[in-house]
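Peer 1: Just passing along the structure, written as structure tokens.
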Amino acid sequence: MPAPELITDPGDERVADFRDLVAGDRRPGTERGTGPVIVEGVPAVERLLASPYPVRTVLGIPGRLASLDLPPGVAAYEADKWVLSEVIGFRLTRGVLASADRLPPPDLDALIAGPDPSAPRRLAVLEGLNDHENIGSIARSAVALGVDGLLLDPHCADPLYRRCVRVSMGHVLTLPIAVLGDWPGGLDRLHAAGYRTVAMTPADDAVDLGDVDPRAHPRTAVLLGAEGPGLTPQAQRAAQVRARIPMRSGVDSLGVAAAAAVAFATLR
């Protein structure tokens with residue numbers, strides 16, 4: 001790898017992708033989910049490099065980029081920790097960032113079918129999740145526990161916002177993601193493709209999650225709602241099964257990220 005170029009001016013346009021990352025999930029005047037993907041930390045950047053996302057720029061403190069196997073043509077820059085902090089707007093303990101172009105959204109029918117339409121398949125379906133850390137945690141559990149794709153309703157937060165990517169340790173970059181625009185009517189597309197849809201809820205009248213046999217349904221989609229309100233009644237009615245995680249008396253629910261991990265593991 002050629003030696004990275006040195007950045008001494010926080011206003012240098014070559015690192016504009018990383019400027020003022022405390023401003024939110026998009027720059028003023030840009031639409032949500034249209035900016036570059038920002039990845040923090042060596043393990044997550046390594047997963048970015050192994051993903052299909054085209055890498056634009058890598059920026060790190062001196063010596064940190066040497067551990068990365070950067071492909072030819074990727075712009076690489078170094079800056080001391082003070083300049084780096086001024087560029088991004090906060091003190092970065094992970095020492096390296098990368099930016100990448102977004103990919104076109106996958107074809108929804110192809111994502112649902114998978115490479116082999118007759119093969120077992122697991123999907124996670126999120127409704128109304130706007131907490132970036134929850135989405136990142138769910139994506140990490142999904143990859144670890146055999147979920148093959150992530151479907152979002154139109155109101156979910158951007159799963160490629162940098163906080164989601166950071167919390168997922170970059171694993172979200174390996175997960176096919178699409179928006180199910182017709183909500184919750186679009187669940188019928190999953191049913192037509194052979195999925196059993198399982199809506200997670202703490203309601204007393206839901207079935208025990210352990211009674212939902214994953215072997216009897218090789219294609220399963222797990223529905224998860226936002227922290228607090230949970231899945232809407234409309235989404236629960238559109239699903240084929242409503243399931244609850246049995247819990248000790250006095251505990252009415254788990255956080256959505258924890259509930260997702262339990263559901264993914266149980267229905268694997």
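Ligands are numbered from 1 in the order shown, residues from 1 within each chain, and chains are lettered A, B, ... in the order they appear in the structure tokens.
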Hey, what does DSSP flag as strand (DSSP E or B) within region 96-246 of chain A? Can you give it to me as an MDAnalysis selection string?

Peer 2: chainID A and resid 96:100 121:127 149:152 177:179 196:200 207:208 219:226 230 241:244

Peer 1: Would you kindly return, as an mmCIF file with N, CA and C atoms, in the first residue's frame, each protein, DNA or RNA residue with an atom no farther than 12 Å from any atom of region 231-233 of chain A, considering only C-alpha atoms and excluding same-chain residues fewer than 2 positions away?

Peer 2:
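Printed below is result-v2.cif as written:
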```
data_model
loop_
_atom_site.group_PDB
_atom_site.id
_atom_site.type_symbol
_atom_site.label_atom_id
_atom_site.label_comp_id
_atom_site.auth_asym_id
_atom_site.auth_seq_id
_atom_site.Cartn_x
_atom_site.Cartn_y
_atom_site.Cartn_z
ATOM 1 N N VAL A 125 -37.812 -8.623 10.176
ATOM 2 C CA VAL A 125 -38.657 -7.553 9.646
ATOM 3 C C VAL A 125 -38.875 -6.546 10.777
ATOM 4 N N LEU A 126 -38.470 -5.295 10.558
ATOM 5 C CA LEU A 126 -38.528 -4.271 11.596
ATOM 6 C C LEU A 126 -39.600 -3.233 11.265
ATOM 7 N N GLU A 127 -40.377 -2.864 12.276
ATOM 8 C CA GLU A 127 -41.414 -1.847 12.116
ATOM 9 C C GLU A 127 -41.137 -0.682 13.057
ATOM 10 N N GLY A 128 -40.958 0.515 12.485
ATOM 11 C CA GLY A 128 -40.892 1.736 13.279
ATOM 12 C C GLY A 128 -39.683 1.885 14.172
ATOM 13 N N LEU A 129 -38.605 1.152 13.935
ATOM 14 C CA LEU A 129 -37.424 1.285 14.786
ATOM 15 C C LEU A 129 -36.633 2.527 14.378
ATOM 16 N N ASP A 153 -39.881 -1.461 7.527
ATOM 17 C CA ASP A 153 -41.046 -0.714 7.102
ATOM 18 C C ASP A 153 -40.573 0.686 6.694
ATOM 19 N N TRP A 183 -46.875 -1.378 3.800
ATOM 20 C CA TRP A 183 -46.834 -1.916 5.161
ATOM 21 C C TRP A 183 -48.201 -1.763 5.834
ATOM 22 N N PRO A 184 -48.700 -2.832 6.477
ATOM 23 C CA PRO A 184 -48.125 -4.171 6.558
ATOM 24 C C PRO A 184 -48.592 -5.107 5.448
ATOM 25 N N VAL A 198 -43.788 -14.423 12.101
ATOM 26 C CA VAL A 198 -43.930 -14.537 13.553
ATOM 27 C C VAL A 198 -43.761 -13.148 14.156
ATOM 28 N N ALA A 199 -44.834 -12.595 14.704
ATOM 29 C CA ALA A 199 -44.820 -11.267 15.311
ATOM 30 C C ALA A 199 -44.482 -11.393 16.792
ATOM 31 N N MET A 200 -43.420 -10.733 17.212
ATOM 32 C CA MET A 200 -43.004 -10.804 18.608
ATOM 33 C C MET A 200 -43.770 -9.764 19.434
ATOM 34 N N THR A 201 -44.372 -10.239 20.543
ATOM 35 C CA THR A 201 -45.156 -9.376 21.416
ATOM 36 C C THR A 201 -45.132 -9.965 22.825
ATOM 37 N N PRO A 202 -45.170 -9.126 23.860
ATOM 38 C CA PRO A 202 -45.259 -9.668 25.223
ATOM 39 C C PRO A 202 -46.691 -9.964 25.664
ATOM 40 N N ALA A 203 -47.654 -9.855 24.764
ATOM 41 C CA ALA A 203 -49.064 -10.027 25.131
ATOM 42 C C ALA A 203 -49.327 -11.421 25.709
ATOM 43 N N VAL A 222 -39.231 -13.011 11.249
ATOM 44 C CA VAL A 222 -39.498 -12.540 12.608
ATOM 45 C C VAL A 222 -39.786 -11.042 12.567
ATOM 46 N N LEU A 223 -40.974 -10.644 13.076
ATOM 47 C CA LEU A 223 -41.375 -9.240 13.092
ATOM 48 C C LEU A 223 -41.078 -8.640 14.454
ATOM 49 N N LEU A 224 -40.439 -7.461 14.448
ATOM 50 C CA LEU A 224 -40.062 -6.779 15.679
ATOM 51 C C LEU A 224 -40.463 -5.315 15.597
ATOM 52 N N GLY A 225 -41.053 -4.807 16.682
ATOM 53 C CA GLY A 225 -41.486 -3.419 16.716
ATOM 54 C C GLY A 225 -40.565 -2.559 17.557
ATOM 55 N N ALA A 226 -40.826 -1.273 17.557
ATOM 56 C CA ALA A 226 -39.979 -0.311 18.256
ATOM 57 C C ALA A 226 -40.027 -0.517 19.765
ATOM 58 N N GLU A 227 -38.945 -0.104 20.416
ATOM 59 C CA GLU A 227 -38.865 -0.159 21.875
ATOM 60 C C GLU A 227 -40.029 0.641 22.461
ATOM 61 N N GLY A 228 -40.738 0.055 23.392
ATOM 62 C CA GLY A 228 -41.863 0.767 24.005
ATOM 63 C C GLY A 228 -43.178 0.360 23.385
ATOM 64 N N PRO A 229 -43.553 0.947 22.237
ATOM 65 C CA PRO A 229 -44.870 0.612 21.673
ATOM 66 C C PRO A 229 -44.951 -0.778 21.085
ATOM 67 N N ALA A 235 -49.835 -4.661 12.229
ATOM 68 C CA ALA A 235 -48.767 -5.601 11.880
ATOM 69 C C ALA A 235 -49.008 -6.957 12.535
ATOM 70 N N GLN A 236 -49.474 -6.939 13.785
ATOM 71 C CA GLN A 236 -49.738 -8.208 14.463
ATOM 72 C C GLN A 236 -50.855 -8.983 13.774
ATOM 73 N N ARG A 237 -51.868 -8.273 13.314
ATOM 74 C CA ARG A 237 -52.971 -8.967 12.622
ATOM 75 C C ARG A 237 -52.521 -9.520 11.272
ATOM 76 N N ALA A 238 -51.590 -8.838 10.624
ATOM 77 C CA ALA A 238 -51.125 -9.290 9.311
ATOM 78 C C ALA A 238 -50.201 -10.491 9.409
ATOM 79 N N ALA A 239 -49.588 -10.708 10.578
ATOM 80 C CA ALA A 239 -48.693 -11.849 10.761
ATOM 81 C C ALA A 239 -49.503 -13.122 11.004
ATOM 82 N N ARG A 242 -48.498 -14.839 16.532
ATOM 83 C CA ARG A 242 -48.032 -13.877 17.539
ATOM 84 C C ARG A 242 -47.367 -14.690 18.637
ATOM 85 N N ALA A 243 -46.114 -14.367 18.945
ATOM 86 C CA ALA A 243 -45.345 -15.183 19.891
ATOM 87 C C ALA A 243 -44.728 -14.307 20.971
ATOM 88 N N VAL A 256 -35.895 -4.518 22.705
ATOM 89 C CA VAL A 256 -36.104 -5.131 21.393
ATOM 90 C C VAL A 256 -34.850 -5.830 20.879
#
```

Peer 1: Got a sec: who's within 10 Å of Leu65 (chain A), counting only C-alpha atoms, leaving out chain neighbours fewer than 2 positions off, as a list in words?

Peer 2: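 What passes the distance filter is Met1, Ala3, Pro4, Val42, Val58, Leu59, Gly60, Ile61, Pro62, Gly63, Ser67, Leu68, Asp69, Leu70, Ala76, Tyr77, Glu78, Gly95, Val96 and Leu97 of chain A.
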
Peer 1: Generate the output file for the selected residues, N, CA and C atoms, as a PDB file, in the first residue's frame.

Peer 2:
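New file selection_19.pdb:
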```pdb
ATOM      1  N   MET A   1       0.832  -1.189   0.000  1.00  0.00           N
ATOM      2  CA  MET A   1       0.000   0.000   0.000  1.00  0.00           C
ATOM      3  C   MET A   1       0.868   1.239   0.000  1.00  0.00           C
ATOM      4  N   ALA A   3       2.170   5.002   0.877  1.00  0.00           N
ATOM      5  CA  ALA A   3       2.093   5.727   2.141  1.00  0.00           C
ATOM      6  C   ALA A   3       0.890   6.668   2.131  1.00  0.00           C
ATOM      7  N   PRO A   4       0.105   6.690   3.216  1.00  0.00           N
ATOM      8  CA  PRO A   4      -1.034   7.611   3.269  1.00  0.00           C
ATOM      9  C   PRO A   4      -0.569   9.067   3.214  1.00  0.00           C
ATOM     10  N   VAL A  42     -10.978  -0.487  13.331  1.00  0.00           N
ATOM     11  CA  VAL A  42     -10.294  -1.432  12.446  1.00  0.00           C
ATOM     12  C   VAL A  42     -11.147  -2.653  12.111  1.00  0.00           C
ATOM     13  N   VAL A  58     -10.256   6.459   3.403  1.00  0.00           N
ATOM     14  CA  VAL A  58      -9.908   5.964   4.729  1.00  0.00           C
ATOM     15  C   VAL A  58      -9.053   7.032   5.413  1.00  0.00           C
ATOM     16  N   LEU A  59      -9.365   7.298   6.683  1.00  0.00           N
ATOM     17  CA  LEU A  59      -8.652   8.321   7.455  1.00  0.00           C
ATOM     18  C   LEU A  59      -8.341   7.760   8.826  1.00  0.00           C
ATOM     19  N   GLY A  60      -7.076   7.903   9.255  1.00  0.00           N
ATOM     20  CA  GLY A  60      -6.718   7.379  10.564  1.00  0.00           C
ATOM     21  C   GLY A  60      -5.552   8.113  11.180  1.00  0.00           C
ATOM     22  N   ILE A  61      -5.290   7.814  12.443  1.00  0.00           N
ATOM     23  CA  ILE A  61      -4.117   8.361  13.105  1.00  0.00           C
ATOM     24  C   ILE A  61      -2.881   7.653  12.579  1.00  0.00           C
ATOM     25  N   PRO A  62      -1.695   8.277  12.700  1.00  0.00           N
ATOM     26  CA  PRO A  62      -0.476   7.665  12.151  1.00  0.00           C
ATOM     27  C   PRO A  62      -0.258   6.238  12.634  1.00  0.00           C
ATOM     28  N   GLY A  63       0.018   5.354  11.689  1.00  0.00           N
ATOM     29  CA  GLY A  63       0.304   3.952  11.976  1.00  0.00           C
ATOM     30  C   GLY A  63      -0.893   3.043  11.970  1.00  0.00           C
ATOM     31  N   SER A  67      -2.344  -1.617   9.399  1.00  0.00           N
ATOM     32  CA  SER A  67      -2.923  -2.931   9.687  1.00  0.00           C
ATOM     33  C   SER A  67      -4.039  -3.296   8.717  1.00  0.00           C
ATOM     34  N   LEU A  68      -4.387  -2.373   7.819  1.00  0.00           N
ATOM     35  CA  LEU A  68      -5.471  -2.617   6.875  1.00  0.00           C
ATOM     36  C   LEU A  68      -4.912  -2.971   5.507  1.00  0.00           C
ATOM     37  N   ASP A  69      -5.513  -3.943   4.883  1.00  0.00           N
ATOM     38  CA  ASP A  69      -5.106  -4.337   3.527  1.00  0.00           C
ATOM     39  C   ASP A  69      -5.961  -3.553   2.540  1.00  0.00           C
ATOM     40  N   LEU A  70      -5.581  -2.302   2.313  1.00  0.00           N
ATOM     41  CA  LEU A  70      -6.388  -1.435   1.455  1.00  0.00           C
ATOM     42  C   LEU A  70      -6.188  -1.793  -0.009  1.00  0.00           C
ATOM     43  N   ALA A  76      -6.200   7.197   0.931  1.00  0.00           N
ATOM     44  CA  ALA A  76      -5.843   6.944   2.325  1.00  0.00           C
ATOM     45  C   ALA A  76      -5.115   8.159   2.890  1.00  0.00           C
ATOM     46  N   TYR A  77      -5.556   8.595   4.080  1.00  0.00           N
ATOM     47  CA  TYR A  77      -4.993   9.793   4.695  1.00  0.00           C
ATOM     48  C   TYR A  77      -4.728   9.540   6.174  1.00  0.00           C
ATOM     49  N   GLU A  78      -3.704  10.218   6.686  1.00  0.00           N
ATOM     50  CA  GLU A  78      -3.406  10.193   8.111  1.00  0.00           C
ATOM     51  C   GLU A  78      -3.478  11.610   8.665  1.00  0.00           C
ATOM     52  N   GLY A  95      -9.480   5.250  16.214  1.00  0.00           N
ATOM     53  CA  GLY A  95      -8.295   5.592  15.445  1.00  0.00           C
ATOM     54  C   GLY A  95      -8.383   5.542  13.939  1.00  0.00           C
ATOM     55  N   VAL A  96      -9.477   5.063  13.385  1.00  0.00           N
ATOM     56  CA  VAL A  96      -9.586   4.981  11.930  1.00  0.00           C
ATOM     57  C   VAL A  96     -11.051   5.035  11.512  1.00  0.00           C
ATOM     58  N   LEU A  97     -11.303   5.709  10.384  1.00  0.00           N
ATOM     59  CA  LEU A  97     -12.636   5.753   9.795  1.00  0.00           C
ATOM     60  C   LEU A  97     -12.517   5.480   8.312  1.00  0.00           C
TER      61      LEU A  97
END
```

Peer 1: Write out as a list in words which residues come within 6 Å of region 80-85 of chain A when counting only C-alpha atoms, dropping same-chain ones fewer than 3 positions away.

Peer 2: Pro10, Ile61, Ile88, Gly89, Phe90 and Arg91 of chain A

Peer 1: For the residues selected in the previous step, produce a file with N, CA and C atoms as a JSON list (two decimals), in the first residue's frame.

Peer 2:
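Everything below was put into out.json:
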```
[["chain", "number", "residue", "atom", "x", "y", "z"],
["A", 10, "PRO", "N", -7.99, 20.74, 9.20],
["A", 10, "PRO", "CA", -9.30, 20.10, 9.36],
["A", 10, "PRO", "C", -10.30, 20.45, 8.27],
["A", 61, "ILE", "N", -5.29, 7.81, 12.44],
["A", 61, "ILE", "CA", -4.12, 8.36, 13.10],
["A", 61, "ILE", "C", -2.88, 7.65, 12.58],
["A", 88, "ILE", "N", -13.91, 15.47, 12.61],
["A", 88, "ILE", "CA", -15.14, 14.69, 12.82],
["A", 88, "ILE", "C", -16.03, 15.26, 13.91],
["A", 89, "GLY", "N", -15.47, 16.10, 14.79],
["A", 89, "GLY", "CA", -16.29, 16.75, 15.79],
["A", 89, "GLY", "C", -16.30, 16.09, 17.15],
["A", 90, "PHE", "N", -15.52, 15.02, 17.33],
["A", 90, "PHE", "CA", -15.43, 14.37, 18.64],
["A", 90, "PHE", "C", -14.12, 13.57, 18.69],
["A", 91, "ARG", "N", -13.75, 13.14, 19.87],
["A", 91, "ARG", "CA", -12.52, 12.37, 20.05],
["A", 91, "ARG", "C", -12.79, 10.92, 19.67]]
```

Peer 1: As a ChimeraX atom specification, please: every residue in region 51-246 of chain A that a backbone DSSP assignment puts in alpha helix (DSSP H).

Peer 2: /A:81-88,108-113,132-144,162-167,187-192,233-238

Peer 1: Take CA of Thr197 (chain A) and CA of Gln240 (chain A) and report the distance between them in Å, one decimal.

Peer 2: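 Going from CA of Thr197 (chain A) over to CA of Gln240 (chain A) covers 5.3 Å.
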
Peer 1: Go ahead and compute the interatomic distance for CA of Arg268 (chain A) and CA of Thr220 (chain A), in Å to one decimal.

Peer 2: 8.9 Å
